[in-house]
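Some notes on the structure that comes next.
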Amino acid sequence: RHAFSLNSDTSSGRTVAAARVADGRAMYLKAFELAGRAGVTPLRTVHLDADPPALEAEYVPGYDLAAVMLDWKWRHDAAKPGAARKLIRRLAEVVAKGHEKGLVHRGLKPANVLLRPTDGGKFTLWVTDWGWAAVAARRSLELARGGTPRGERHRLALRGAYAPLYVSPEAARGDPPDPRDDVFALGVLWYQLLKRSPSSVPPPGSGWASSLRSAGLTDPQAKLLAACLHPRADGR
């Protein structure tokens, strides 16, 4: 198991993020309903009455999606569109299980997509931080607006942990959660897998696709990825 706690940094002894954890009871009940589903890291316990509040989830040994991107960068001279498509498809299937229960992850990033090695060079894929990730992403946005130092942003991005890179325009505005928020994040992750870099930011438009076609990216794949990254939810 793995425990997450929110340390206080205010004189009142409770952070804004901690208050949001305590207010998200309905969200955590939905997260509990996902237990037992393949690819969903189970949320074991939520200690909302603790000070600070804490979450306990199953520990998944292995590595995260940022490590995959950097490994591909080191081992291969070009993008791997086929492998990237397969990973994103598996990831989308796991995220869809949350959507079926009415739970939008809203905090997808490389650091909470975990791969657990199995026999024969294969692996299982797991999504963690259900329930907590949305709170963490919102807090990261607030810190970014307050002026996160450039060096710190780059450090977090290389770890696949800089949440604002994956936040949809609607989530950034504070709109209610929508499954298309996760579609946007999946698009960013797909683009980063193609670029083999957890710090890559998708540029506007679809001109980026031309540089990846020589590596095997097909027109239908490029069109689907561009739709995932559409700035409006109704375009996704």
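Residue numbering restarts at 1 in every chain; chains get A, B, ... in the order shown in the structure tokens, and ligands count up from 1 in that same order.
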Counting only C-alpha atoms, which residues of range 164-207 of chain A fall within 10 Å of range 81-88 of chain A, and what is the closest atom pair for each with its distance in Å at one decimal, ordered by chain and rising number, as a tab-separated table?
```
residue	atom	partner	partner_atom	distance
A:Leu186	CA	A:Ile88	CA	7.1
A:Gly187	CA	A:Ile88	CA	8.6
A:Leu189	CA	A:Ile88	CA	7.8
A:Trp190	CA	A:Ile88	CA	6.2
A:Tyr191	CA	A:Ala84	CA	8.7
A:Gln192	CA	A:Ala84	CA	9.1
A:Leu193	CA	A:Ala84	CA	5.7
A:Leu194	CA	A:Pro81	CA	6.1
A:Lys195	CA	A:Pro81	CA	9.6
A:Arg196	CA	A:Ala84	CA	9.4
```
Residues of the last selection are to be written out with all heavy atoms, as a PDB file, in the first residue's frame.
```pdb
ATOM      1  N   LEU A 186      -5.192  12.715 -22.431  1.00  0.00           N
ATOM      2  CA  LEU A 186      -4.729  11.574 -23.221  1.00  0.00           C
ATOM      3  C   LEU A 186      -4.044  12.042 -24.495  1.00  0.00           C
ATOM      4  O   LEU A 186      -3.041  11.457 -24.933  1.00  0.00           O
ATOM      5  CB  LEU A 186      -5.918  10.665 -23.571  1.00  0.00           C
ATOM      6  CG  LEU A 186      -6.485   9.825 -22.424  1.00  0.00           C
ATOM      7  CD1 LEU A 186      -7.813   9.201 -22.836  1.00  0.00           C
ATOM      8  CD2 LEU A 186      -5.501   8.748 -21.997  1.00  0.00           C
ATOM      9  N   GLY A 187      -4.563  13.111 -25.098  1.00  0.00           N
ATOM     10  CA  GLY A 187      -3.930  13.657 -26.290  1.00  0.00           C
ATOM     11  C   GLY A 187      -2.527  14.173 -26.009  1.00  0.00           C
ATOM     12  O   GLY A 187      -1.596  13.946 -26.791  1.00  0.00           O
ATOM     13  N   LEU A 189      -0.546  13.198 -23.567  1.00  0.00           N
ATOM     14  CA  LEU A 189       0.299  12.029 -23.304  1.00  0.00           C
ATOM     15  C   LEU A 189       0.679  11.318 -24.601  1.00  0.00           C
ATOM     16  O   LEU A 189       1.825  10.874 -24.761  1.00  0.00           O
ATOM     17  CB  LEU A 189      -0.438  11.066 -22.372  1.00  0.00           C
ATOM     18  CG  LEU A 189      -0.630  11.549 -20.934  1.00  0.00           C
ATOM     19  CD1 LEU A 189      -1.592  10.630 -20.188  1.00  0.00           C
ATOM     20  CD2 LEU A 189       0.710  11.630 -20.205  1.00  0.00           C
ATOM     21  N   TRP A 190      -0.245  11.196 -25.511  1.00  0.00           N
ATOM     22  CA  TRP A 190       0.024  10.566 -26.806  1.00  0.00           C
ATOM     23  C   TRP A 190       1.086  11.353 -27.562  1.00  0.00           C
ATOM     24  O   TRP A 190       2.054  10.785 -28.089  1.00  0.00           O
ATOM     25  CB  TRP A 190      -1.270  10.491 -27.600  1.00  0.00           C
ATOM     26  CG  TRP A 190      -1.220   9.653 -28.839  1.00  0.00           C
ATOM     27  CD1 TRP A 190      -0.141   8.992 -29.369  1.00  0.00           C
ATOM     28  CD2 TRP A 190      -2.313   9.372 -29.725  1.00  0.00           C
ATOM     29  NE1 TRP A 190      -0.485   8.336 -30.525  1.00  0.00           N
ATOM     30  CE2 TRP A 190      -1.815   8.539 -30.760  1.00  0.00           C
ATOM     31  CE3 TRP A 190      -3.655   9.743 -29.733  1.00  0.00           C
ATOM     32  CZ2 TRP A 190      -2.624   8.093 -31.802  1.00  0.00           C
ATOM     33  CZ3 TRP A 190      -4.468   9.289 -30.766  1.00  0.00           C
ATOM     34  CH2 TRP A 190      -3.952   8.472 -31.787  1.00  0.00           C
ATOM     35  N   TYR A 191       0.927  12.679 -27.592  1.00  0.00           N
ATOM     36  CA  TYR A 191       1.918  13.520 -28.271  1.00  0.00           C
ATOM     37  C   TYR A 191       3.294  13.354 -27.627  1.00  0.00           C
ATOM     38  O   TYR A 191       4.313  13.238 -28.318  1.00  0.00           O
ATOM     39  CB  TYR A 191       1.470  14.979 -28.214  1.00  0.00           C
ATOM     40  CG  TYR A 191       2.453  15.938 -28.834  1.00  0.00           C
ATOM     41  CD1 TYR A 191       2.492  16.139 -30.214  1.00  0.00           C
ATOM     42  CD2 TYR A 191       3.357  16.648 -28.042  1.00  0.00           C
ATOM     43  CE1 TYR A 191       3.403  17.015 -30.790  1.00  0.00           C
ATOM     44  CE2 TYR A 191       4.264  17.525 -28.613  1.00  0.00           C
ATOM     45  CZ  TYR A 191       4.284  17.708 -29.983  1.00  0.00           C
ATOM     46  OH  TYR A 191       5.202  18.577 -30.548  1.00  0.00           O
ATOM     47  N   GLN A 192       3.342  13.325 -26.308  1.00  0.00           N
ATOM     48  CA  GLN A 192       4.623  13.190 -25.618  1.00  0.00           C
ATOM     49  C   GLN A 192       5.263  11.825 -25.871  1.00  0.00           C
ATOM     50  O   GLN A 192       6.489  11.736 -25.974  1.00  0.00           O
ATOM     51  CB  GLN A 192       4.430  13.420 -24.120  1.00  0.00           C
ATOM     52  CG  GLN A 192       4.084  14.869 -23.776  1.00  0.00           C
ATOM     53  CD  GLN A 192       3.889  15.073 -22.301  1.00  0.00           C
ATOM     54  OE1 GLN A 192       3.536  14.145 -21.563  1.00  0.00           O
ATOM     55  NE2 GLN A 192       4.091  16.298 -21.828  1.00  0.00           N
ATOM     56  N   LEU A 193       4.450  10.789 -25.985  1.00  0.00           N
ATOM     57  CA  LEU A 193       5.002   9.480 -26.334  1.00  0.00           C
ATOM     58  C   LEU A 193       5.624   9.516 -27.724  1.00  0.00           C
ATOM     59  O   LEU A 193       6.681   8.912 -27.958  1.00  0.00           O
ATOM     60  CB  LEU A 193       3.901   8.418 -26.273  1.00  0.00           C
ATOM     61  CG  LEU A 193       3.522   7.908 -24.880  1.00  0.00           C
ATOM     62  CD1 LEU A 193       2.225   7.112 -24.937  1.00  0.00           C
ATOM     63  CD2 LEU A 193       4.644   7.054 -24.286  1.00  0.00           C
ATOM     64  N   LEU A 194       4.981  10.217 -28.642  1.00  0.00           N
ATOM     65  CA  LEU A 194       5.535  10.338 -29.994  1.00  0.00           C
ATOM     66  C   LEU A 194       6.838  11.144 -29.995  1.00  0.00           C
ATOM     67  O   LEU A 194       7.775  10.827 -30.733  1.00  0.00           O
ATOM     68  CB  LEU A 194       4.510  11.002 -30.921  1.00  0.00           C
ATOM     69  CG  LEU A 194       3.273  10.156 -31.260  1.00  0.00           C
ATOM     70  CD1 LEU A 194       2.239  11.011 -31.970  1.00  0.00           C
ATOM     71  CD2 LEU A 194       3.658   8.958 -32.125  1.00  0.00           C
ATOM     72  N   LYS A 195       6.887  12.166 -29.165  1.00  0.00           N
ATOM     73  CA  LYS A 195       8.102  12.993 -29.071  1.00  0.00           C
ATOM     74  C   LYS A 195       9.143  12.379 -28.133  1.00  0.00           C
ATOM     75  O   LYS A 195      10.268  12.857 -28.062  1.00  0.00           O
ATOM     76  CB  LYS A 195       7.740  14.400 -28.581  1.00  0.00           C
ATOM     77  CG  LYS A 195       6.778  15.150 -29.488  1.00  0.00           C
ATOM     78  CD  LYS A 195       7.342  15.389 -30.876  1.00  0.00           C
ATOM     79  CE  LYS A 195       8.420  16.444 -30.865  1.00  0.00           C
ATOM     80  NZ  LYS A 195       8.891  16.781 -32.236  1.00  0.00           N
ATOM     81  N   ARG A 196       8.734  11.356 -27.376  1.00  0.00           N
ATOM     82  CA  ARG A 196       9.604  10.659 -26.420  1.00  0.00           C
ATOM     83  C   ARG A 196      10.158  11.627 -25.375  1.00  0.00           C
ATOM     84  O   ARG A 196      11.317  11.568 -24.988  1.00  0.00           O
ATOM     85  CB  ARG A 196      10.731   9.945 -27.165  1.00  0.00           C
ATOM     86  CG  ARG A 196      10.244   8.853 -28.117  1.00  0.00           C
ATOM     87  CD  ARG A 196      11.338   8.366 -29.041  1.00  0.00           C
ATOM     88  NE  ARG A 196      11.752   9.434 -29.950  1.00  0.00           N
ATOM     89  CZ  ARG A 196      12.986   9.586 -30.417  1.00  0.00           C
ATOM     90  NH1 ARG A 196      13.941   8.749 -30.065  1.00  0.00           N
ATOM     91  NH2 ARG A 196      13.270  10.580 -31.241  1.00  0.00           N
TER      92      ARG A 196
END
```
Would you mind writing down, as a count of residues only, each residue of range 33-76 of chain A that DSSP on the backbone assigns to helix (DSSP H, G or I)? 12
Shell of 7 Å around Leu114 in chain A, only C-alpha atoms, local chain residues under 3 positions omitted, as a PyMOL selection string: chain A and resi 62-65+125-127
Take the residues from that selection and put them in a file with N, CA and C atoms, as a PDB file, in the first residue's frame.
```pdb
ATOM      1  N   GLY A  62       7.158  -1.012 -10.242  1.00  0.00           N
ATOM      2  CA  GLY A  62       7.440  -0.890 -11.669  1.00  0.00           C
ATOM      3  C   GLY A  62       7.963   0.498 -12.006  1.00  0.00           C
ATOM      4  N   TYR A  63       7.457   1.073 -13.087  1.00  0.00           N
ATOM      5  CA  TYR A  63       7.931   2.378 -13.550  1.00  0.00           C
ATOM      6  C   TYR A  63       6.761   3.135 -14.161  1.00  0.00           C
ATOM      7  N   ASP A  64       6.951   4.435 -14.391  1.00  0.00           N
ATOM      8  CA  ASP A  64       5.840   5.227 -14.892  1.00  0.00           C
ATOM      9  C   ASP A  64       6.030   5.580 -16.370  1.00  0.00           C
ATOM     10  N   LEU A  65       5.057   6.309 -16.921  1.00  0.00           N
ATOM     11  CA  LEU A  65       5.064   6.612 -18.349  1.00  0.00           C
ATOM     12  C   LEU A  65       6.193   7.562 -18.723  1.00  0.00           C
ATOM     13  N   LEU A 125      -0.772  -2.272 -17.151  1.00  0.00           N
ATOM     14  CA  LEU A 125      -0.828  -0.816 -17.058  1.00  0.00           C
ATOM     15  C   LEU A 125      -1.852  -0.412 -16.008  1.00  0.00           C
ATOM     16  N   TRP A 126      -1.465   0.530 -15.159  1.00  0.00           N
ATOM     17  CA  TRP A 126      -2.304   0.948 -14.039  1.00  0.00           C
ATOM     18  C   TRP A 126      -2.395   2.469 -13.979  1.00  0.00           C
ATOM     19  N   VAL A 127      -3.564   2.966 -13.640  1.00  0.00           N
ATOM     20  CA  VAL A 127      -3.770   4.408 -13.426  1.00  0.00           C
ATOM     21  C   VAL A 127      -4.010   4.611 -11.942  1.00  0.00           C
TER      22      VAL A 127
END
```
I'd like the neighbourhood of range 200-214 of chain A as a VMD selection string, where a residue qualifies if any of its atoms comes within 8 Å (using only C-alpha atoms), though same-chain residues fewer than 2 positions away should be ignored. chain A and resid 79 165 188 191 to 192 194 to 195 197 to 198 216 to 218 222 226
Identify, with DSSP run on backbone atoms, the residues in range 78-136 of chain A assigned to strand (DSSP E), and express the list as a PyMOL selection string. chain A and resi 113-117+123-127
Write the residues of the selection above to a file with N, CA, C and O atoms, as a CSV table (one decimal), in the first residue's frame.
```
chain,number,residue,atom,x,y,z
A,113,VAL,N,0.6,7.2,-14.4
A,113,VAL,CA,0.4,6.0,-15.3
A,113,VAL,C,1.5,5.1,-15.0
A,113,VAL,O,2.7,5.3,-15.4
A,114,LEU,N,1.2,3.9,-14.4
A,114,LEU,CA,2.3,3.0,-14.0
A,114,LEU,C,2.3,1.7,-14.8
A,114,LEU,O,1.2,1.2,-15.2
A,115,LEU,N,3.4,1.2,-15.1
A,115,LEU,CA,3.6,-0.1,-15.8
A,115,LEU,C,4.3,-1.1,-14.9
A,115,LEU,O,5.4,-0.8,-14.4
A,116,ARG,N,3.7,-2.2,-14.7
A,116,ARG,CA,4.2,-3.3,-13.9
A,116,ARG,C,4.7,-4.4,-14.7
A,116,ARG,O,3.9,-5.1,-15.4
A,117,PRO,N,6.0,-4.7,-14.7
A,117,PRO,CA,6.5,-5.8,-15.5
A,117,PRO,C,6.0,-7.1,-15.1
A,117,PRO,O,5.8,-7.4,-13.9
A,123,PHE,N,3.8,-6.4,-19.7
A,123,PHE,CA,3.5,-5.5,-18.5
A,123,PHE,C,2.0,-5.3,-18.4
A,123,PHE,O,1.2,-5.5,-19.3
A,124,THR,N,1.6,-4.9,-17.2
A,124,THR,CA,0.2,-4.5,-17.0
A,124,THR,C,0.3,-3.0,-16.8
A,124,THR,O,1.3,-2.4,-16.3
A,125,LEU,N,-0.8,-2.3,-17.2
A,125,LEU,CA,-0.8,-0.8,-17.1
A,125,LEU,C,-1.9,-0.4,-16.0
A,125,LEU,O,-3.0,-0.9,-16.0
A,126,TRP,N,-1.5,0.5,-15.2
A,126,TRP,CA,-2.3,0.9,-14.0
A,126,TRP,C,-2.4,2.5,-14.0
A,126,TRP,O,-1.4,3.2,-14.2
A,127,VAL,N,-3.6,3.0,-13.6
A,127,VAL,CA,-3.8,4.4,-13.4
A,127,VAL,C,-4.0,4.6,-11.9
A,127,VAL,O,-4.9,4.0,-11.3
```
State, in Å with one decimal place, the distance from CA of Pro110 in chain A to CA of Val167 in chain A.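 Atom-to-atom, CA of Pro110 in chain A and CA of Val167 in chain A are spaced 12.9 Å apart.
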Rank nothing, just name the residue among A:His230, A:Ala111, A:Gly174, A:Gly131 nearest to Thr45 in chain A, using only C-alpha atoms.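 For Thr45 in chain A, the nearest of the candidates is A:Gly131.
Among the candidates A:Pro176, A:Pro231, A:Pro164, A:Gly98, the one nearest to Thr128 in chain A when counting only C-alpha atoms is A:Gly98.
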I want to know what sits within 12 Å of Asp175 in chain A, based on only C-alpha atoms, with residues of the same chain fewer than 5 positions away left out; could you give that as a PyMOL selection string? chain A and resi 106+138+167-170+180-181+233
Nearest-residue call for Tyr59 in chain A, choices A:Asp219, A:Asp119, A:Asp182, A:Asp129, using only C-alpha atoms: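 The shortest atom-to-atom distance to Tyr59 in chain A comes from A:Asp129.
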